[in-house]
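Novice: Provided herewith: target_3.txt, compact mmCIF, C-alpha atoms.
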```
# COMPACT_ATOMS: atom_id res chain seq x y z
CA MET A 331 -95.43 -42.41 -149.68
CA GLU A 332 -95.09 -38.69 -150.31
CA ILE A 333 -97.08 -36.33 -148.06
CA LYS A 334 -99.12 -35.13 -151.06
CA ASP A 335 -100.24 -38.67 -151.88
CA THR A 336 -101.06 -39.35 -148.23
CA LEU A 337 -103.20 -36.24 -148.05
CA LYS A 338 -105.01 -36.98 -151.32
CA SER A 339 -106.53 -40.05 -149.64
CA PHE A 340 -108.28 -37.82 -147.09
CA PRO A 341 -111.94 -37.08 -147.97
CA LEU A 342 -111.35 -33.75 -146.20
CA LEU A 343 -108.95 -32.83 -148.98
CA SER A 344 -110.29 -34.76 -151.97
CA LYS A 345 -111.87 -31.76 -153.71
CA ILE A 346 -108.80 -29.55 -153.32
CA ASN A 347 -106.72 -29.15 -156.48
CA ASP A 348 -102.94 -29.70 -156.69
CA ASN A 349 -102.09 -26.02 -156.50
CA GLU A 350 -104.25 -25.50 -153.40
CA LEU A 351 -102.92 -28.69 -151.81
CA GLU A 352 -99.29 -27.67 -152.31
CA ALA A 353 -100.00 -24.30 -150.67
CA LEU A 354 -101.63 -26.11 -147.74
CA ILE A 355 -98.74 -28.55 -147.36
CA LYS A 356 -96.36 -25.61 -146.89
CA LEU A 357 -98.36 -24.60 -143.80
CA LEU A 358 -98.57 -28.08 -142.25
CA LYS A 359 -96.13 -29.09 -139.55
CA ASN A 360 -95.00 -32.67 -138.92
CA GLU A 361 -95.64 -33.56 -135.29
CA ASP A 362 -94.92 -37.04 -133.93
CA PHE A 363 -96.18 -38.35 -130.59
CA SER A 364 -95.26 -41.40 -128.49
CA ILE A 365 -97.72 -43.85 -127.00
CA GLY A 366 -99.27 -42.30 -123.89
CA ASP A 367 -98.66 -38.67 -124.90
CA ASN A 368 -101.49 -36.17 -124.54
CA ILE A 369 -101.67 -34.53 -127.97
CA ILE A 370 -104.42 -32.24 -126.67
CA THR A 371 -105.44 -31.78 -123.01
CA GLU A 372 -109.05 -30.99 -122.03
CA GLY A 373 -109.43 -27.46 -120.63
CA ASP A 374 -106.19 -26.16 -122.16
CA THR A 375 -106.14 -23.28 -124.59
CA GLY A 376 -104.63 -23.96 -128.00
CA ASN A 377 -105.80 -23.47 -131.56
CA VAL A 378 -103.92 -26.19 -133.43
CA MET A 379 -105.81 -28.77 -135.52
CA TYR A 380 -104.27 -32.19 -136.26
CA ILE A 381 -104.62 -34.55 -139.21
CA LEU A 382 -103.91 -38.12 -138.07
CA VAL A 383 -101.46 -39.63 -140.58
CA SER A 384 -100.57 -42.84 -138.70
CA GLY A 385 -101.48 -44.41 -135.37
CA THR A 386 -104.49 -44.50 -133.05
CA VAL A 387 -105.77 -41.97 -130.51
CA ASP A 388 -108.37 -42.02 -127.75
CA ILE A 389 -110.70 -39.04 -127.29
CA ILE A 390 -111.15 -38.76 -123.52
CA LYS A 391 -113.49 -36.58 -121.49
CA THR A 392 -113.75 -36.13 -117.75
CA THR A 393 -117.05 -36.17 -115.88
CA ILE A 394 -117.91 -33.56 -113.27
CA PHE A 395 -116.57 -36.08 -110.70
CA ASN A 396 -113.20 -36.15 -112.48
CA ASP A 397 -113.69 -39.68 -113.83
CA GLU A 398 -112.20 -40.12 -117.29
CA TYR A 399 -114.06 -41.94 -120.04
CA ILE A 400 -113.12 -42.71 -123.63
CA CYS A 401 -115.79 -41.27 -125.92
CA ALA A 402 -114.17 -42.27 -129.22
CA THR A 403 -111.12 -44.03 -130.63
CA LEU A 404 -109.77 -42.81 -133.97
CA ASN A 405 -107.19 -44.38 -136.21
CA SER A 406 -105.42 -43.14 -139.30
CA ASN A 407 -107.47 -45.39 -141.63
CA MET A 408 -110.45 -43.20 -140.72
CA HIS A 409 -108.69 -40.21 -142.35
CA CYS A 410 -109.76 -37.91 -139.60
CA MET A 411 -108.74 -34.71 -137.94
CA PHE A 412 -109.17 -33.47 -134.40
CA GLY A 413 -108.85 -30.16 -132.58
CA GLU A 414 -110.99 -28.25 -135.09
CA MET A 415 -113.29 -26.69 -132.48
CA ALA A 416 -110.63 -24.66 -130.69
CA LEU A 417 -108.97 -23.88 -134.06
CA LEU A 418 -112.15 -22.08 -135.05
CA ASP A 419 -113.40 -20.50 -131.81
CA ASN A 420 -110.16 -20.17 -129.79
CA ASP A 421 -111.95 -21.51 -126.73
CA LYS A 422 -110.76 -24.23 -124.37
CA ARG A 423 -110.14 -27.80 -125.53
CA SER A 424 -113.33 -29.83 -125.04
CA ALA A 425 -111.57 -33.20 -124.70
CA THR A 426 -108.19 -34.84 -124.22
CA VAL A 427 -106.65 -36.64 -127.20
CA LYS A 428 -104.18 -39.31 -126.06
CA ALA A 429 -101.86 -41.32 -128.31
CA LYS A 430 -102.90 -44.97 -127.97
CA THR A 431 -99.95 -45.95 -130.19
CA ASP A 432 -97.06 -43.92 -131.56
CA CYS A 433 -98.66 -41.36 -133.90
CA LYS A 434 -97.65 -39.17 -136.80
CA THR A 435 -99.72 -36.04 -137.37
CA LEU A 436 -99.75 -32.98 -139.57
CA SER A 437 -100.81 -29.89 -137.68
CA ILE A 438 -101.97 -26.39 -138.58
CA ASP A 439 -102.64 -23.44 -136.26
CA GLY A 440 -105.62 -21.09 -136.41
CA ASP A 441 -103.74 -18.13 -137.89
CA SER A 442 -102.26 -20.18 -140.73
CA PHE A 443 -105.63 -21.81 -141.37
CA ASN A 444 -107.46 -18.48 -141.55
CA LYS A 445 -104.85 -16.98 -143.88
CA TYR A 446 -105.06 -20.07 -146.08
CA ILE A 447 -108.86 -20.00 -146.46
CA ASP A 448 -108.74 -16.26 -147.18
CA GLU A 449 -106.18 -16.80 -149.93
CA TYR A 450 -107.72 -20.02 -151.28
CA PRO A 451 -111.46 -19.58 -150.67
CA LYS A 452 -112.48 -22.46 -152.97
CA ALA A 453 -110.36 -24.82 -150.88
CA GLY A 454 -111.62 -23.01 -147.78
CA VAL A 455 -115.23 -23.81 -148.67
CA GLU A 456 -114.34 -27.51 -148.99
CA LEU A 457 -112.42 -27.60 -145.71
CA LEU A 458 -115.10 -25.72 -143.78
CA LYS A 459 -117.89 -27.88 -145.27
CA PHE A 460 -116.05 -30.99 -144.14
CA MET A 461 -115.45 -29.53 -140.67
CA ASN A 462 -119.12 -28.51 -140.50
CA LEU A 463 -120.25 -32.05 -141.28
CA ASN A 464 -117.90 -33.41 -138.62
CA LEU A 465 -119.34 -31.00 -136.05
CA ILE A 466 -122.91 -31.86 -137.04
CA ARG A 467 -122.19 -35.58 -136.68
CA ASN A 468 -120.74 -34.94 -133.21
CA LEU A 469 -123.69 -32.73 -132.25
CA ARG A 470 -126.25 -35.33 -133.36
CA ALA A 471 -124.34 -38.02 -131.39
CA GLU A 472 -124.26 -35.75 -128.33
CA ASN A 473 -128.03 -35.17 -128.65
CA ASP A 474 -128.54 -38.95 -128.64
CA ASN A 475 -126.24 -39.36 -125.62
CA LEU A 476 -128.12 -36.67 -123.74
CA LYS A 477 -131.43 -38.43 -124.42
CA LEU A 478 -130.03 -41.74 -123.14
CA VAL A 479 -128.58 -40.27 -119.93
CA TYR A 480 -131.81 -38.33 -119.36
CA GLN A 481 -133.82 -41.53 -119.82
CA ALA A 482 -131.59 -43.33 -117.29
CA LEU A 483 -132.06 -40.45 -114.83
CA ILE A 484 -135.86 -40.54 -115.11
CA GLU A 485 -135.94 -44.33 -114.76
CA GLU A 486 -133.69 -44.13 -111.71
CA ILE A 487 -135.95 -41.51 -110.11
CA GLU A 488 -139.10 -43.51 -110.88
CA SER A 489 -137.67 -46.76 -109.55
CA ASN A 490 -137.44 -45.22 -106.05
CA MET B 426 -136.20 -1.02 -144.41
CA GLU B 427 -134.94 -2.67 -147.56
CA ILE B 428 -134.00 -6.35 -147.36
CA LYS B 429 -130.37 -5.50 -148.15
CA ASP B 430 -130.13 -3.12 -145.19
CA THR B 431 -131.82 -5.65 -142.92
CA LEU B 432 -129.36 -8.33 -143.93
CA LYS B 433 -126.34 -6.06 -143.51
CA SER B 434 -127.10 -5.92 -139.77
CA PHE B 435 -126.55 -9.70 -139.52
CA PRO B 436 -123.05 -10.65 -138.28
CA LEU B 437 -123.48 -13.75 -140.45
CA LEU B 438 -123.41 -11.49 -143.51
CA SER B 439 -121.28 -8.55 -142.37
CA LYS B 440 -118.15 -9.57 -144.30
CA ILE B 441 -120.01 -10.22 -147.54
CA ASN B 442 -119.64 -7.47 -150.15
CA ASP B 443 -122.56 -5.80 -151.99
CA ASN B 444 -122.17 -7.87 -155.13
CA GLU B 445 -122.15 -11.15 -153.17
CA LEU B 446 -125.06 -9.99 -151.00
CA GLU B 447 -127.21 -9.10 -154.01
CA ALA B 448 -126.56 -12.54 -155.52
CA LEU B 449 -127.57 -14.13 -152.20
CA ILE B 450 -130.74 -12.04 -151.92
CA LYS B 451 -131.90 -13.39 -155.30
CA LEU B 452 -131.84 -16.92 -153.80
CA LEU B 453 -133.65 -16.05 -150.56
CA LYS B 454 -137.38 -16.67 -150.25
CA ASN B 455 -139.70 -14.63 -148.02
CA GLU B 456 -141.58 -16.97 -145.70
CA ASP B 457 -143.98 -15.66 -143.06
CA PHE B 458 -145.35 -17.74 -140.20
CA SER B 459 -148.21 -17.19 -137.73
CA ILE B 460 -147.96 -17.59 -133.98
CA GLY B 461 -148.08 -21.30 -133.11
CA ASP B 462 -146.86 -22.54 -136.52
CA ASN B 463 -144.14 -25.18 -136.61
CA ILE B 464 -141.54 -23.70 -138.95
CA ILE B 465 -139.48 -26.88 -138.62
CA THR B 466 -140.67 -30.18 -137.08
CA GLU B 467 -138.25 -32.51 -135.25
CA GLY B 468 -137.69 -35.76 -137.12
CA ASP B 469 -138.85 -34.41 -140.50
CA THR B 470 -136.60 -34.33 -143.52
CA GLY B 471 -135.98 -30.93 -145.09
CA ASN B 472 -132.90 -28.96 -146.05
CA VAL B 473 -134.09 -25.38 -145.77
CA MET B 474 -132.26 -22.88 -143.51
CA TYR B 475 -134.06 -19.81 -142.14
CA ILE B 476 -132.83 -16.33 -141.23
CA LEU B 477 -135.14 -14.81 -138.60
CA VAL B 478 -136.03 -11.28 -139.77
CA SER B 479 -138.77 -10.47 -137.24
CA GLY B 480 -140.49 -12.27 -134.37
CA THR B 481 -139.57 -14.88 -131.76
CA VAL B 482 -139.27 -18.68 -132.00
CA ASP B 483 -138.92 -21.50 -129.50
CA ILE B 484 -136.50 -24.36 -130.20
CA ILE B 485 -138.22 -27.45 -128.81
CA LYS B 486 -136.95 -30.99 -128.37
CA THR B 487 -138.74 -34.10 -127.23
CA THR B 488 -137.34 -36.50 -124.65
CA ILE B 489 -137.36 -40.24 -125.16
CA PHE B 490 -140.64 -40.22 -123.17
CA ASN B 491 -142.19 -37.80 -125.68
CA ASP B 492 -142.15 -34.86 -123.27
CA GLU B 493 -141.43 -31.56 -125.01
CA TYR B 494 -139.01 -29.05 -123.57
CA ILE B 495 -137.87 -25.63 -124.81
CA CYS B 496 -134.11 -25.65 -125.17
CA ALA B 497 -133.76 -22.10 -126.51
CA THR B 498 -135.79 -19.04 -127.46
CA LEU B 499 -134.51 -16.89 -130.31
CA ASN B 500 -135.68 -13.46 -131.43
CA SER B 501 -134.84 -11.38 -134.46
CA ASN B 502 -132.66 -8.96 -132.44
CA MET B 503 -130.26 -11.87 -132.03
CA HIS B 504 -129.73 -11.91 -135.82
CA CYS B 505 -129.79 -15.65 -135.94
CA MET B 506 -130.51 -18.46 -138.30
CA PHE B 507 -131.84 -21.96 -137.71
CA GLY B 508 -132.10 -25.17 -139.71
CA GLU B 509 -128.45 -25.13 -140.79
CA MET B 510 -127.70 -28.70 -139.68
CA ALA B 511 -130.11 -30.41 -142.10
CA LEU B 512 -129.19 -27.87 -144.82
CA LEU B 513 -125.65 -29.22 -144.66
CA ASP B 514 -126.09 -32.94 -143.97
CA ASN B 515 -129.59 -33.60 -145.36
CA ASP B 516 -130.40 -35.62 -142.25
CA LYS B 517 -133.52 -35.36 -140.08
CA ARG B 518 -134.42 -32.19 -138.22
CA SER B 519 -132.93 -32.34 -134.72
CA ALA B 520 -135.50 -30.02 -133.10
CA THR B 521 -138.84 -28.33 -133.66
CA VAL B 522 -138.86 -24.59 -134.26
CA LYS B 523 -142.21 -23.04 -133.30
CA ALA B 524 -143.29 -19.45 -133.94
CA LYS B 525 -143.86 -17.84 -130.52
CA THR B 526 -145.09 -14.69 -132.28
CA ASP B 527 -145.86 -13.99 -135.92
CA CYS B 528 -142.51 -14.30 -137.73
CA LYS B 529 -140.94 -13.15 -140.96
CA THR B 530 -138.07 -15.25 -142.28
CA LEU B 531 -135.83 -15.47 -145.32
CA SER B 532 -135.14 -19.04 -146.33
CA ILE B 533 -132.67 -20.83 -148.56
CA ASP B 534 -132.57 -24.52 -149.54
CA GLY B 535 -129.50 -26.74 -149.62
CA ASP B 536 -129.15 -26.84 -153.41
CA SER B 537 -129.28 -23.05 -153.75
CA PHE B 538 -126.87 -22.66 -150.84
CA ASN B 539 -124.34 -25.09 -152.31
CA LYS B 540 -124.51 -23.46 -155.76
CA TYR B 541 -124.04 -20.04 -154.13
CA ILE B 542 -120.95 -21.00 -152.13
CA ASP B 543 -119.45 -22.66 -155.22
CA GLU B 544 -119.97 -19.51 -157.26
CA TYR B 545 -119.03 -17.06 -154.49
CA PRO B 546 -116.41 -18.95 -152.44
CA LYS B 547 -115.23 -15.87 -150.54
CA ALA B 548 -118.77 -15.32 -149.27
CA GLY B 549 -119.03 -19.10 -148.79
CA VAL B 550 -116.03 -19.09 -146.45
CA GLU B 551 -117.68 -16.36 -144.34
CA LEU B 552 -121.05 -18.12 -144.21
CA LEU B 553 -119.53 -21.51 -143.37
CA LYS B 554 -117.24 -20.00 -140.71
CA PHE B 555 -120.25 -18.40 -139.05
CA MET B 556 -122.25 -21.64 -139.25
CA ASN B 557 -119.27 -23.55 -137.84
CA LEU B 558 -119.06 -21.21 -134.85
CA ASN B 559 -122.80 -21.62 -134.26
CA LEU B 560 -122.42 -25.40 -134.29
CA ILE B 561 -119.43 -25.27 -131.97
CA ARG B 562 -121.35 -23.09 -129.50
CA ASN B 563 -124.23 -25.57 -129.57
CA LEU B 564 -121.87 -28.53 -129.18
CA ARG B 565 -120.09 -26.96 -126.20
CA ALA B 566 -123.50 -26.22 -124.60
CA GLU B 567 -124.62 -29.80 -125.24
CA ASN B 568 -121.40 -31.10 -123.62
CA ASP B 569 -122.20 -29.01 -120.53
CA ASN B 570 -125.81 -30.28 -120.47
CA LEU B 571 -124.62 -33.85 -120.71
CA LYS B 572 -122.26 -33.33 -117.76
CA LEU B 573 -125.11 -31.88 -115.66
CA VAL B 574 -127.58 -34.66 -116.44
CA TYR B 575 -124.86 -37.27 -115.82
CA GLN B 576 -124.07 -35.63 -112.46
CA ALA B 577 -127.77 -35.72 -111.51
CA LEU B 578 -127.92 -39.41 -112.50
CA ILE B 579 -124.91 -40.35 -110.35
CA GLU B 580 -126.23 -38.36 -107.39
CA GLU B 581 -129.63 -40.03 -107.74
CA ILE B 582 -128.01 -43.49 -107.83
CA GLU B 583 -125.80 -42.72 -104.82
CA SER B 584 -128.68 -41.33 -102.73
CA ASN B 585 -130.41 -44.72 -102.82
```
Go ahead and render the structure in this file as structure tokens.

Specialist:
Amino acid sequence: MEIKDTLKSFPLLSKINDNELEALIKLLKNEDFSIGDNIITEGDTGNVMYILVSGTVDIIKTTIFNDEYICATLNSNMHCMFGEMALLDNDKRSATVKAKTDCKTLSIDGDSFNKYIDEYPKAGVELLKFMNLNLIRNLRAENDNLKLVYQALIEEIESN
Amino acid sequence: MEIKDTLKSFPLLSKINDNELEALIKLLKNEDFSIGDNIITEGDTGNVMYILVSGTVDIIKTTIFNDEYICATLNSNMHCMFGEMALLDNDKRSATVKAKTDCKTLSIDGDSFNKYIDEYPKAGVELLKFMNLNLIRNLRAENDNLKLVYQALIEEIESN
């Protein structure tokens, strides 16, 4: 399947017209990873965002005690991206993304992304809206997690 | 001070040109609140976003035990907005926003916002980028909070 057809199946890109999509494709870089590779490492700097074209990845965070835990597993059928936070704010990576199988990705760096959305603002609005919704979903999930851990803490304190 | 001058001091709007700003102003609604009013109530539906023009608000969440806690206090010197999550995803309000003093706000609903960014995509890119960065800052803070509460939980378990 051609890259353009692959990308058209991504909800992230579904409202982007052919002309805008072709301009975007020129900026995307093919990056392949082998099982076990860290595509992104928590705490690193780096402003590259990845679209997962094939394979499965684990999103891994470390606790304050340096224990690792898997907080999500993503596969290419989910038509997802990762790495969008540091792409936008240039801050440290908030999680590790490890290839659970061999993976094919398309990547874009922050500079290319910003130039693209300046030149193609209609496509930019669609991309940013999608990224916004992703972030909101993650933030709502994190709120729920915080409530659960807080509840466990209170129950633990009260049981003693 | 005219509304246009007030808005020009907002980083959120600093890259929006006069023509785009005037079109936005036509969609904004003046909404004033008295001290103690809930501008937004956690759990409610509602897709209105607010720009805080004068006054101070508390962002309040409830724990699973129905205890309220203030997770942030915002004032108009911070040139901030609130309510952007439900504006974008139409889901329930994730926190209560209570007027700590009398407040003046400018509000916009989701439909008006979406029409505006369709018609003025260059301004849309700027607004969405700013909202994205706000969400990322909140998500990074929530990650840190989760780590702290988790640490307290483990320490509590280990002390028994």

Novice: Could you check the closest approach to Asp514 of chain B for each of B:Leu571, B:Met474, B:Ala577, B:Leu531 and tell me which residue wins, using only C-alpha atoms?

Specialist: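 Closest candidate: B:Met474.
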
Novice: Residues of chain B no more than 9 Å from chain A, counting only C-alpha atoms: send them over as a PyMOL selection string.

Specialist: chain B and resi 487-490+510-511+513-514+519+542-543+545-551+553-554+556-558+560-565+567-568+570-579+581-582+585

Novice: Rounded to one decimal in Å, what is the spacing between atom CA of Val522 of chain B and atom CA of Lys440 of chain B?

Specialist: 27.5 Å

Novice: Could you check which of A:Phe443, A:Glu352, A:Asn405, A:Gly413 is closest to Asp335 of chain A, using only C-alpha atoms?

Specialist: A:Glu352

Novice: Fewer than 5 positions away in the same chain doesn't count, so skip those; otherwise give me all residues within 12 Å of Ile355 of chain A, counting all atoms listed in the file, as a short mmCIF file (atom, residue, chain, number, x, y, z; two decimals) with C-alpha atoms, keeping the file's coordinate frame.

Specialist:
```cif
data_model
loop_
_atom_site.label_atom_id
_atom_site.label_comp_id
_atom_site.auth_asym_id
_atom_site.auth_seq_id
_atom_site.Cartn_x
_atom_site.Cartn_y
_atom_site.Cartn_z
CA GLU A 332 -95.09 -38.69 -150.31
CA ILE A 333 -97.08 -36.33 -148.06
CA LYS A 334 -99.12 -35.13 -151.06
CA ASP A 335 -100.24 -38.67 -151.88
CA THR A 336 -101.06 -39.35 -148.23
CA LEU A 337 -103.20 -36.24 -148.05
CA LYS A 338 -105.01 -36.98 -151.32
CA LEU A 343 -108.95 -32.83 -148.98
CA ILE A 346 -108.80 -29.55 -153.32
CA ASP A 348 -102.94 -29.70 -156.69
CA ASN A 349 -102.09 -26.02 -156.50
CA GLU A 350 -104.25 -25.50 -153.40
CA ASN A 360 -95.00 -32.67 -138.92
CA ILE A 381 -104.62 -34.55 -139.21
CA LEU A 436 -99.75 -32.98 -139.57
CA SER A 437 -100.81 -29.89 -137.68
CA ILE A 438 -101.97 -26.39 -138.58
CA SER A 442 -102.26 -20.18 -140.73
CA PHE A 443 -105.63 -21.81 -141.37
CA TYR A 446 -105.06 -20.07 -146.08
#
```

Novice: In Å, how far is it from atom CA of Ser479 of chain B to atom CA of Thr466 of chain B?

Specialist: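 Computing it gives 19.8 Å between the two atoms.
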
Novice: Taking (-139.1, -29.7, -132.5) in the file's own coordinates, collect the residues within 12 Å, counting only C-alpha atoms, and hand them back as a PyMOL selection string.

Specialist: chain B and resi 462-469+482-488+491-497+507-508+517-524

Novice: For a test of reading the model, state the distance in Å between atom CA of Gly385 of chain A and atom CA of Asp432 of chain A, rounded to one decimal.

Specialist: 5.9 Å
